[in-house]
$ cat coords07.pdb   # PDB, C-alpha atoms
ATOM      1  CA  TYR A   9    -107.657 264.141 108.910
ATOM      2  CA  THR A  10    -106.294 262.746 112.154
ATOM      3  CA  VAL A  11    -103.939 259.790 112.045
ATOM      4  CA  LYS A  12    -102.389 257.691 114.763
ATOM      5  CA  HIS A  13     -98.750 256.790 114.175
ATOM      6  CA  VAL A  14     -98.402 253.249 115.524
ATOM      7  CA  THR A  15     -94.821 252.737 116.642
ATOM      8  CA  LEU A  16     -95.228 250.011 119.274
ATOM      9  CA  LYS A  17     -96.482 246.451 119.408
ATOM     10  CA  ALA A  18     -97.089 243.949 122.179
ATOM     11  CA  VAL A  19     -94.709 241.033 122.626
ATOM     12  CA  VAL A  20     -95.576 238.132 124.947
ATOM     13  CA  ASP A  21     -93.069 236.226 127.067
ATOM     14  CA  GLN A  22     -94.539 232.746 126.788
ATOM     15  CA  GLU A  23     -92.602 231.550 129.840
ATOM     16  CA  LEU A  24     -94.263 234.108 132.094
ATOM     17  CA  CYS A  25     -97.782 233.986 130.601
ATOM     18  CA  ILE A  26    -100.328 232.047 132.679
ATOM     19  CA  GLY A  27    -103.170 232.295 130.151
ATOM     20  CA  CYS A  28    -105.446 234.349 132.424
ATOM     21  CA  LYS A  29    -107.054 236.084 129.395
ATOM     22  CA  LEU A  30    -106.963 239.512 131.024
ATOM     23  CA  CYS A  31    -105.157 240.822 127.949
ATOM     24  CA  GLU A  32    -108.060 239.627 125.769
ATOM     25  CA  LYS A  33    -110.502 241.505 127.948
ATOM     26  CA  VAL A  34    -108.800 244.883 127.677
ATOM     27  CA  CYS A  35    -107.654 244.940 124.045
ATOM     28  CA  PRO A  36    -109.828 247.487 122.174
ATOM     29  CA  VAL A  37    -109.214 245.829 118.795
ATOM     30  CA  TYR A  38    -109.064 242.143 119.824
ATOM     31  CA  ALA A  39    -105.503 241.855 118.552
ATOM     32  CA  ILE A  40    -104.397 239.483 121.309
ATOM     33  CA  SER A  41    -105.930 236.173 122.324
ATOM     34  CA  VAL A  42    -105.116 233.134 124.425
ATOM     35  CA  VAL A  43    -104.403 229.961 122.462
ATOM     36  CA  ASP A  44    -103.413 226.745 124.209
ATOM     37  CA  LYS A  45    -103.284 228.680 127.489
ATOM     38  CA  LYS A  46    -100.808 231.232 126.178
ATOM     39  CA  ALA A  47    -101.430 234.798 125.015
ATOM     40  CA  THR A  48    -100.419 235.460 121.436
ATOM     41  CA  LEU A  49    -100.790 237.989 118.642
ATOM     42  CA  GLN A  50    -101.773 236.022 115.565
ATOM     43  CA  ASP A  51    -101.221 239.146 113.467
ATOM     44  CA  ASP A  52     -99.192 241.841 115.213
ATOM     45  CA  HIS A  53    -100.242 244.353 112.539
ATOM     46  CA  LYS A  54    -103.643 244.462 114.268
ATOM     47  CA  CYS A  55    -102.033 245.789 117.452
ATOM     48  CA  ARG A  56    -102.513 249.535 117.842
ATOM     49  CA  GLY A  57     -99.882 249.952 120.540
ATOM     50  CA  CYS A  58    -102.210 251.096 123.312
ATOM     51  CA  ALA A  59    -100.370 249.028 125.979
ATOM     52  CA  ASN A  60    -103.577 248.028 127.765
ATOM     53  CA  CYS A  61    -102.467 244.405 127.791
ATOM     54  CA  ALA A  62     -98.975 245.186 129.075
ATOM     55  CA  ASP A  63    -100.248 247.567 131.750
ATOM     56  CA  ARG A  64    -102.697 245.029 133.158
ATOM     57  CA  CYS A  65    -100.827 241.735 132.839
ATOM     58  CA  PRO A  66    -100.524 240.344 136.401
ATOM     59  CA  ARG A  67     -97.305 238.486 135.542
ATOM     60  CA  TYR A  68     -95.652 241.272 133.503
ATOM     61  CA  ALA A  69     -95.516 238.818 130.613
ATOM     62  CA  ILE A  70     -96.236 241.441 127.967
ATOM     63  CA  LYS A  71     -93.946 244.243 126.915
ATOM     64  CA  MET A  72     -94.382 246.988 124.350
ATOM     65  CA  VAL A  73     -91.501 247.144 121.888
ATOM     66  CA  GLU A  74     -90.621 249.446 119.000
ATOM     67  CA  ARG A  75     -91.914 248.285 115.637
ATOM     68  CA  ASP A  76     -89.599 247.725 112.725
ATOM     69  CA  ASP A  77     -92.514 248.749 110.502
ATOM     70  CA  PRO A  78     -94.381 251.708 112.070
ATOM     71  CA  PHE A  79     -97.545 252.731 110.257
ATOM     72  CA  ASP A  80    -100.416 255.212 110.369
ATOM     73  CA  VAL A  81    -104.114 254.538 110.862
ATOM     74  CA  GLY A  82    -106.850 257.018 110.016
ATOM     75  CA  VAL A  83    -109.797 257.595 107.711
ATOM     76  CA  ASP A  84    -109.739 260.263 105.014
ATOM     77  CA  VAL A  85    -113.016 262.136 105.524
ATOM     78  CA  SER A  86    -112.723 263.858 102.132
ATOM     79  CA  GLN A  87    -113.398 260.563 100.384
ATOM     80  CA  PHE A  88    -116.999 260.465 101.633
ATOM     81  CA  ASP A  89    -120.184 262.450 101.040
ATOM     82  CA  PRO A  90    -120.129 265.227 103.676
ATOM     83  CA  GLU A  91    -123.916 265.183 104.004
ATOM     84  CA  LYS A  92    -123.926 261.459 104.764
ATOM     85  CA  ILE A  93    -121.255 262.074 107.380
ATOM     86  CA  ARG A  94    -123.270 264.932 108.855
ATOM     87  CA  GLU A  95    -126.431 262.800 108.930
ATOM     88  CA  ILE A  96    -124.770 260.054 110.998
ATOM     89  CA  CYS A  97    -123.331 262.646 113.377
ATOM     90  CA  LYS A  98    -126.701 264.358 113.670
ATOM     91  CA  ARG A  99    -128.421 261.098 114.596
ATOM     92  CA  ALA A 100    -125.811 260.670 117.313
ATOM     93  CA  HIS A 101    -126.430 264.290 118.427
ATOM     94  CA  LEU A 102    -122.820 265.206 117.735
ATOM     95  CA  ASN A 103    -121.190 267.848 115.588
ATOM     96  CA  PRO A 104    -118.890 266.414 112.882
ATOM     97  CA  GLU A 105    -116.060 268.614 114.158
ATOM     98  CA  GLN A 106    -116.368 267.446 117.770
ATOM     99  CA  VAL A 107    -113.331 265.633 119.125
ATOM    100  CA  LEU A 108    -114.532 262.316 120.543
ATOM    101  CA  CYS A 109    -111.170 260.816 121.489
ATOM    102  CA  TYR A 110    -108.831 263.300 123.150
ATOM    103  CA  CYS A 111    -105.927 260.854 123.354
ATOM    104  CA  VAL A 112    -105.762 260.432 119.573
ATOM    105  CA  GLY A 113    -107.730 263.490 118.449
ATOM    106  CA  THR A 114    -110.346 261.558 116.482
ATOM    107  CA  ARG A 115    -113.359 263.667 115.477
ATOM    108  CA  ALA A 116    -116.957 262.551 114.982
ATOM    109  CA  GLU A 117    -116.698 262.987 111.214
ATOM    110  CA  GLU A 118    -113.804 260.528 111.097
ATOM    111  CA  VAL A 119    -115.821 257.939 112.986
ATOM    112  CA  ALA A 120    -118.715 258.520 110.572
ATOM    113  CA  ALA A 121    -116.333 258.021 107.636
ATOM    114  CA  ALA A 122    -115.130 254.737 109.148
ATOM    115  CA  LEU A 123    -118.735 253.601 109.511
ATOM    116  CA  LEU A 124    -119.504 254.588 105.928
ATOM    117  CA  SER A 125    -116.499 252.600 104.758
ATOM    118  CA  GLY A 126    -117.799 249.417 106.359
ATOM    119  CA  ALA A 127    -117.026 249.418 110.091
ATOM    120  CA  THR A 128    -119.957 248.072 112.130
ATOM    121  CA  THR A 129    -118.507 247.536 115.618
ATOM    122  CA  PRO A 130    -116.504 249.584 118.118
ATOM    123  CA  GLU A 131    -113.369 247.488 117.668
ATOM    124  CA  GLU A 132    -113.515 248.005 113.898
ATOM    125  CA  VAL A 133    -113.847 251.760 114.398
ATOM    126  CA  SER A 134    -110.904 251.659 116.821
ATOM    127  CA  SER A 135    -108.803 249.711 114.352
ATOM    128  CA  MET A 136    -109.530 252.107 111.490
ATOM    129  CA  THR A 137    -109.309 255.432 113.328
ATOM    130  CA  GLY A 138    -107.108 254.759 116.351
ATOM    131  CA  MET A 139    -109.936 255.941 118.612
ATOM    132  CA  ARG A 140    -110.010 254.240 122.038
ATOM    133  CA  THR A 141    -106.344 253.237 121.828
ATOM    134  CA  GLY A 142    -105.188 255.818 124.356
ATOM    135  CA  CYS A 143    -106.869 255.775 127.759
ATOM    136  CA  THR A 144    -109.652 253.600 126.169
ATOM    137  CA  ILE A 145    -112.190 255.042 128.630
ATOM    138  CA  GLU A 146    -113.579 258.502 127.863
ATOM    139  CA  CYS A 147    -114.492 257.949 124.218
ATOM    140  CA  ILE A 148    -116.447 254.689 124.401
ATOM    141  CA  GLN A 149    -119.884 256.264 124.923
ATOM    142  CA  PRO A 150    -119.782 258.686 121.960
ATOM    143  CA  MET A 151    -118.363 255.840 119.870
ATOM    144  CA  LEU A 152    -121.325 253.634 120.775
ATOM    145  CA  ARG A 153    -123.706 256.454 119.879
ATOM    146  CA  MET A 154    -122.033 256.804 116.487
ATOM    147  CA  VAL A 155    -122.079 253.065 115.761
ATOM    148  CA  LYS A 156    -125.762 252.931 116.656
ATOM    149  CA  ALA A 157    -126.545 256.091 114.661
ATOM    150  CA  ALA A 158    -125.142 254.395 111.556
ATOM    151  CA  GLY A 159    -127.810 251.711 111.884
ATOM    152  CA  ASN A 160    -125.746 249.005 113.566
ATOM    153  CA  GLU A 161    -127.119 246.998 116.461
ATOM    154  CA  LEU A 162    -125.043 246.836 119.623
ATOM    155  CA  HIS A 163    -124.759 243.175 120.508
ATOM    156  CA  PRO A 164    -123.138 241.896 123.706
ATOM    157  CA  ASP A 165    -119.512 240.960 123.327
ATOM    158  CA  PRO A 166    -119.536 237.149 122.830
ATOM    159  CA  ASN A 167    -116.894 236.804 125.535
ATOM    160  CA  GLY A 168    -118.806 239.062 127.901
ATOM    161  CA  TYR A 169    -115.871 241.425 128.267
ATOM    162  CA  GLN A 170    -116.243 244.893 126.824
ATOM    163  CA  TRP A 171    -118.569 247.865 126.286
ATOM    164  CA  TYR A 172    -121.977 247.663 124.547
ATOM    165  CA  GLY A 173    -123.721 249.295 127.475
ATOM    166  CA  THR A 174    -124.826 252.820 126.598
ATOM    167  CA  THR A 175    -125.497 255.433 129.252
ATOM    168  CA  VAL A 176    -128.558 257.679 129.383
ATOM    169  CA  THR A 177    -128.248 260.932 127.424
ATOM    170  CA  ALA A 178    -130.289 264.136 127.410
ATOM    171  CA  TRP A 179    -132.441 262.609 124.656
ATOM    172  CA  ASP A 180    -133.346 259.511 126.691
ATOM    173  CA  ILE A 181    -134.545 261.023 129.959
ATOM    174  CA  PRO A 182    -138.222 260.121 130.599
ATOM    175  CA  GLU A 183    -140.737 262.928 130.961
ATOM    176  CA  ALA A 184    -141.564 261.760 134.481
ATOM    177  CA  VAL A 185    -137.946 262.221 135.547
ATOM    178  CA  LYS A 186    -137.752 265.671 133.976
ATOM    179  CA  GLU A 187    -140.939 266.715 135.694
ATOM    180  CA  LYS A 188    -139.761 265.374 139.052
ATOM    181  CA  TYR A 189    -136.483 267.315 139.014
ATOM    182  CA  SER A 190    -137.539 270.429 137.097
ATOM    183  CA  SER A 191    -137.987 272.411 140.296
ATOM    184  CA  ARG A 192    -134.532 271.473 141.618
ATOM    185  CA  GLY A 193    -132.391 273.412 139.191
ATOM    186  CA  PHE A 194    -132.218 270.866 136.368
ATOM    187  CA  TYR A 195    -132.841 272.141 132.850
ATOM    188  CA  PHE A 196    -133.045 268.990 130.759
ATOM    189  CA  ASP A 197    -134.906 270.450 127.794
ATOM    190  CA  GLU A 198    -132.715 273.543 127.698
ATOM    191  CA  ASP A 199    -129.602 271.359 127.784
ATOM    192  CA  ARG A 200    -130.964 269.257 124.978
ATOM    193  CA  ARG A 201    -131.730 272.292 122.821
ATOM    194  CA  LEU A 202    -128.232 273.674 123.381
ATOM    195  CA  LEU A 203    -126.607 270.339 122.485
ATOM    196  CA  ASP A 204    -128.731 270.103 119.348
ATOM    197  CA  GLU A 205    -127.672 273.612 118.363
ATOM    198  CA  ILE A 206    -124.022 272.646 118.799
ATOM    199  CA  ALA A 207    -124.526 269.552 116.647
ATOM    200  CA  GLU A 208    -125.976 271.714 113.870
ATOM    201  CA  ILE A 209    -123.141 274.259 113.754
ATOM    202  CA  ARG A 210    -121.266 274.305 110.462
ATOM    203  CA  VAL A 211    -117.723 275.624 110.523
ATOM    204  CA  ASN A 212    -118.157 277.489 107.245
ATOM    205  CA  ASP A 213    -121.301 279.185 108.564
ATOM    206  CA  SER A 214    -119.439 280.286 111.702
ATOM    207  CA  ALA A 215    -116.606 281.674 109.610
ATOM    208  CA  LYS A 216    -119.061 283.716 107.543
ATOM    209  CA  GLU A 217    -120.655 285.140 110.688
ATOM    210  CA  ASP A 218    -117.235 286.144 112.028
ATOM    211  CA  GLN A 219    -116.535 288.015 108.805
TER     212      GLN A 219
END

$ encode --input "coords07.pdb" --output "structure tokens"
Amino acid sequence: YTVKHVTLKAVVDQELCIGCKLCEKVCPVYAISVVDKKATLQDDHKCRGCANCADRCPRYAIKMVERDDPFDVGVDVSQFDPEKIREICKRAHLNPEQVLCYCVGTRAEEVAAALLSGATTPEEVSSMTGMRTGCTIECIQPMLRMVKAAGNELHPDPNGYQWYGTTVTAWDIPEAVKEKYSSRGFYFDEDRRLLDEIAEIRVNDSAKEDQ
């Protein structure tokens, strides 16, 4: 299974910090917060080394430094019922083998395993798998689909900062919209069927066919 080797952590220069809370807004695992008008990591082990806070700090008050205690994060898919993993992925219209986070390499089955092990929110999935700790952009929508497919409600971030807004997929397009654009070269139903076929592919079945 995929692991992220966390070698960096954020360190705040309290003299430079102005307590603007921008670092809070961009941290995918809520590892950093502003206390008494100064940014701080209450537990630096929560930091996944993505550097979002350092990259966006307007005062350059945050730097990423090498950890004395690097560690790995990841979820061992083999510890979970493969059919339960496949069911969550299927409800999200994703194949278990699909890579959802290209920065880290996290696959859908690993996200499903994290959800089966108790994760209920995107930041918990990020913390357990390392997903969304690279560019933090491309993988948020499939992550939301997976979290929702596991039966978790997507509530607004209490601080009003991050995610929780899903985009329309091929399975959400109203019939009226499909009918309106069907004569203009759009093939919504065909796309949906193809995506469903991809979600159903089993690697072992493909290997047998190749033989």

$ residues_near_point --input "coords07.pdb" --point "(-130.2, 268.8, 122.8)" --cutoff "12 Å" --atoms "all atoms listed in the file" --output "JSON, numbers by chain"
{"A": [98, 99, 100, 101, 102, 103, 177, 178, 179, 180, 181, 195, 196, 197, 198, 199, 200, 201, 202, 203, 204, 205, 206, 207, 208]}

$ write_last_selection --input "coords07.pdb" --atoms "C-alpha atoms" --output "tab-separated table (two decimals), keeping the file's coordinate frame"
chain	number	residue	atom	x	y	z
A	98	LYS	CA	-126.70	264.36	113.67
A	99	ARG	CA	-128.42	261.10	114.60
A	100	ALA	CA	-125.81	260.67	117.31
A	101	HIS	CA	-126.43	264.29	118.43
A	102	LEU	CA	-122.82	265.21	117.74
A	103	ASN	CA	-121.19	267.85	115.59
A	177	THR	CA	-128.25	260.93	127.42
A	178	ALA	CA	-130.29	264.14	127.41
A	179	TRP	CA	-132.44	262.61	124.66
A	180	ASP	CA	-133.35	259.51	126.69
A	181	ILE	CA	-134.54	261.02	129.96
A	195	TYR	CA	-132.84	272.14	132.85
A	196	PHE	CA	-133.04	268.99	130.76
A	197	ASP	CA	-134.91	270.45	127.79
A	198	GLU	CA	-132.72	273.54	127.70
A	199	ASP	CA	-129.60	271.36	127.78
A	200	ARG	CA	-130.96	269.26	124.98
A	201	ARG	CA	-131.73	272.29	122.82
A	202	LEU	CA	-128.23	273.67	123.38
A	203	LEU	CA	-126.61	270.34	122.48
A	204	ASP	CA	-128.73	270.10	119.35
A	205	GLU	CA	-127.67	273.61	118.36
A	206	ILE	CA	-124.02	272.65	118.80
A	207	ALA	CA	-124.53	269.55	116.65
A	208	GLU	CA	-125.98	271.71	113.87

$ resolve_selection --input "coords07.pdb" --expression "the PyMOL selection byres ((chain A and resi 131) around 8)" --output "PyMOL selection string"
chain A and resi 36-38+129-130+132-135

$ atom_distance --input "coords07.pdb" --atom1 "atom CA of His13 of chain A" --atom2 "atom CA of Val112 of chain A"
9.6 Å

$ atom_distance --input "coords07.pdb" --atom1 "atom CA of Val211 of chain A" --atom2 "atom CA of Met139 of chain A"
22.7 Å

$ closest_residue --input "coords07.pdb" --among "A:Thr128, A:Thr15, A:Gln87, A:Gln106" --to "Asp52 of chain A" --atoms "only C-alpha atoms"
A:Thr15

$ atom_distance --input "coords07.pdb" --atom1 "atom CA of Glu146 of chain A" --atom2 "atom CA of Lys33 of chain A"
17.3 Å

$ resolve_selection --input "coords07.pdb" --expression "the PyMOL selection byres ((chain A and resi 109) around 8)" --output "PyMOL selection string"
chain A and resi 107-108+110-115+139-140+146-147

$ closest_residue --input "coords07.pdb" --among "A:Val83, A:Val185, A:Leu16, A:Cys28" --to "Arg56 of chain A" --atoms "all atoms listed in the file"
A:Leu16

$ closest_residue --input "coords07.pdb" --among "A:Pro78, A:Pro164, A:Gly159, A:Pro150" --to "Ile96 of chain A" --atoms "only C-alpha atoms"
A:Gly159

$ resolve_selection --input "coords07.pdb" --expression "the PyMOL selection byres ((chain A and resi 158) around 12)" --output "MDAnalysis selection string"
chainID A and resid 92:100 119:130 133 151:157 159:162

$ closest_residue --input "coords07.pdb" --among "A:Val14, A:Ala39, A:Ala62, A:Leu49" --to "Asp76 of chain A" --atoms "all atoms listed in the file"
A:Val14

$ closest_residue --input "coords07.pdb" --among "A:Glu117, A:Leu30, A:Asp21, A:Glu105" --to "Met72 of chain A" --atoms "all atoms listed in the file"
A:Asp21

$ closest_residue --input "coords07.pdb" --among "A:Val34, A:Cys25, A:Val81, A:Ile145" --to "Pro66 of chain A" --atoms "all atoms listed in the file"
A:Cys25

$ residues_around --input "coords07.pdb" --residues "Ser41 of chain A" --least-positions-apart "6" --cutoff "10 Å" --atoms "all atoms listed in the file" --output "VMD selection string"
chain A and resid 27 29 to 33 35 47 to 50

$ build_atoms --input "coords07.pdb" --residues "segment 152-167 of chain A" --atoms "N, CA, C and O atoms" --output "short mmCIF file (atom, residue, chain, number, x, y, z; two decimals), in the coordinates of the input"
data_model
loop_
_atom_site.label_atom_id
_atom_site.label_comp_id
_atom_site.auth_asym_id
_atom_site.auth_seq_id
_atom_site.Cartn_x
_atom_site.Cartn_y
_atom_site.Cartn_z
N LEU A 152 -120.13 254.48 120.83
CA LEU A 152 -121.32 253.63 120.78
C LEU A 152 -122.49 254.38 120.14
O LEU A 152 -123.26 253.81 119.37
N ARG A 153 -122.63 255.65 120.47
CA ARG A 153 -123.71 256.45 119.88
C ARG A 153 -123.54 256.55 118.37
O ARG A 153 -124.51 256.47 117.61
N MET A 154 -122.29 256.71 117.92
CA MET A 154 -122.03 256.80 116.49
C MET A 154 -122.31 255.48 115.78
O MET A 154 -122.91 255.45 114.70
N VAL A 155 -121.86 254.39 116.36
CA VAL A 155 -122.08 253.06 115.76
C VAL A 155 -123.58 252.79 115.62
O VAL A 155 -124.05 252.32 114.59
N LYS A 156 -124.31 253.13 116.67
CA LYS A 156 -125.76 252.93 116.66
C LYS A 156 -126.44 253.87 115.67
O LYS A 156 -127.38 253.48 114.96
N ALA A 157 -125.96 255.11 115.57
CA ALA A 157 -126.54 256.09 114.66
C ALA A 157 -126.38 255.68 113.20
O ALA A 157 -127.15 256.09 112.35
N ALA A 158 -125.37 254.87 112.92
CA ALA A 158 -125.14 254.40 111.56
C ALA A 158 -126.02 253.20 111.20
O ALA A 158 -125.92 252.66 110.10
N GLY A 159 -126.87 252.80 112.16
CA GLY A 159 -127.81 251.71 111.88
C GLY A 159 -127.33 250.34 112.31
O GLY A 159 -127.92 249.32 111.92
N ASN A 160 -126.28 250.29 113.11
CA ASN A 160 -125.75 249.00 113.57
C ASN A 160 -126.27 248.68 114.96
O ASN A 160 -126.33 249.54 115.82
N GLU A 161 -126.65 247.43 115.15
CA GLU A 161 -127.12 247.00 116.46
C GLU A 161 -125.93 246.74 117.37
O GLU A 161 -124.89 246.27 116.93
N LEU A 162 -126.10 247.06 118.64
CA LEU A 162 -125.04 246.84 119.62
C LEU A 162 -125.31 245.52 120.33
O LEU A 162 -126.16 245.44 121.20
N HIS A 163 -124.59 244.50 119.91
CA HIS A 163 -124.76 243.18 120.51
C HIS A 163 -123.76 242.98 121.63
O HIS A 163 -122.65 243.52 121.59
N PRO A 164 -124.11 242.18 122.64
CA PRO A 164 -123.14 241.90 123.71
C PRO A 164 -121.89 241.23 123.13
O PRO A 164 -121.97 240.42 122.22
N ASP A 165 -120.76 241.61 123.69
CA ASP A 165 -119.51 240.96 123.33
C ASP A 165 -119.67 239.46 123.59
O ASP A 165 -120.06 239.06 124.69
N PRO A 166 -119.37 238.60 122.63
CA PRO A 166 -119.54 237.15 122.83
C PRO A 166 -118.77 236.60 124.01
O PRO A 166 -119.15 235.58 124.61
N ASN A 167 -117.67 237.26 124.38
CA ASN A 167 -116.89 236.80 125.54
C ASN A 167 -117.35 237.47 126.83
O ASN A 167 -116.84 237.16 127.91
#
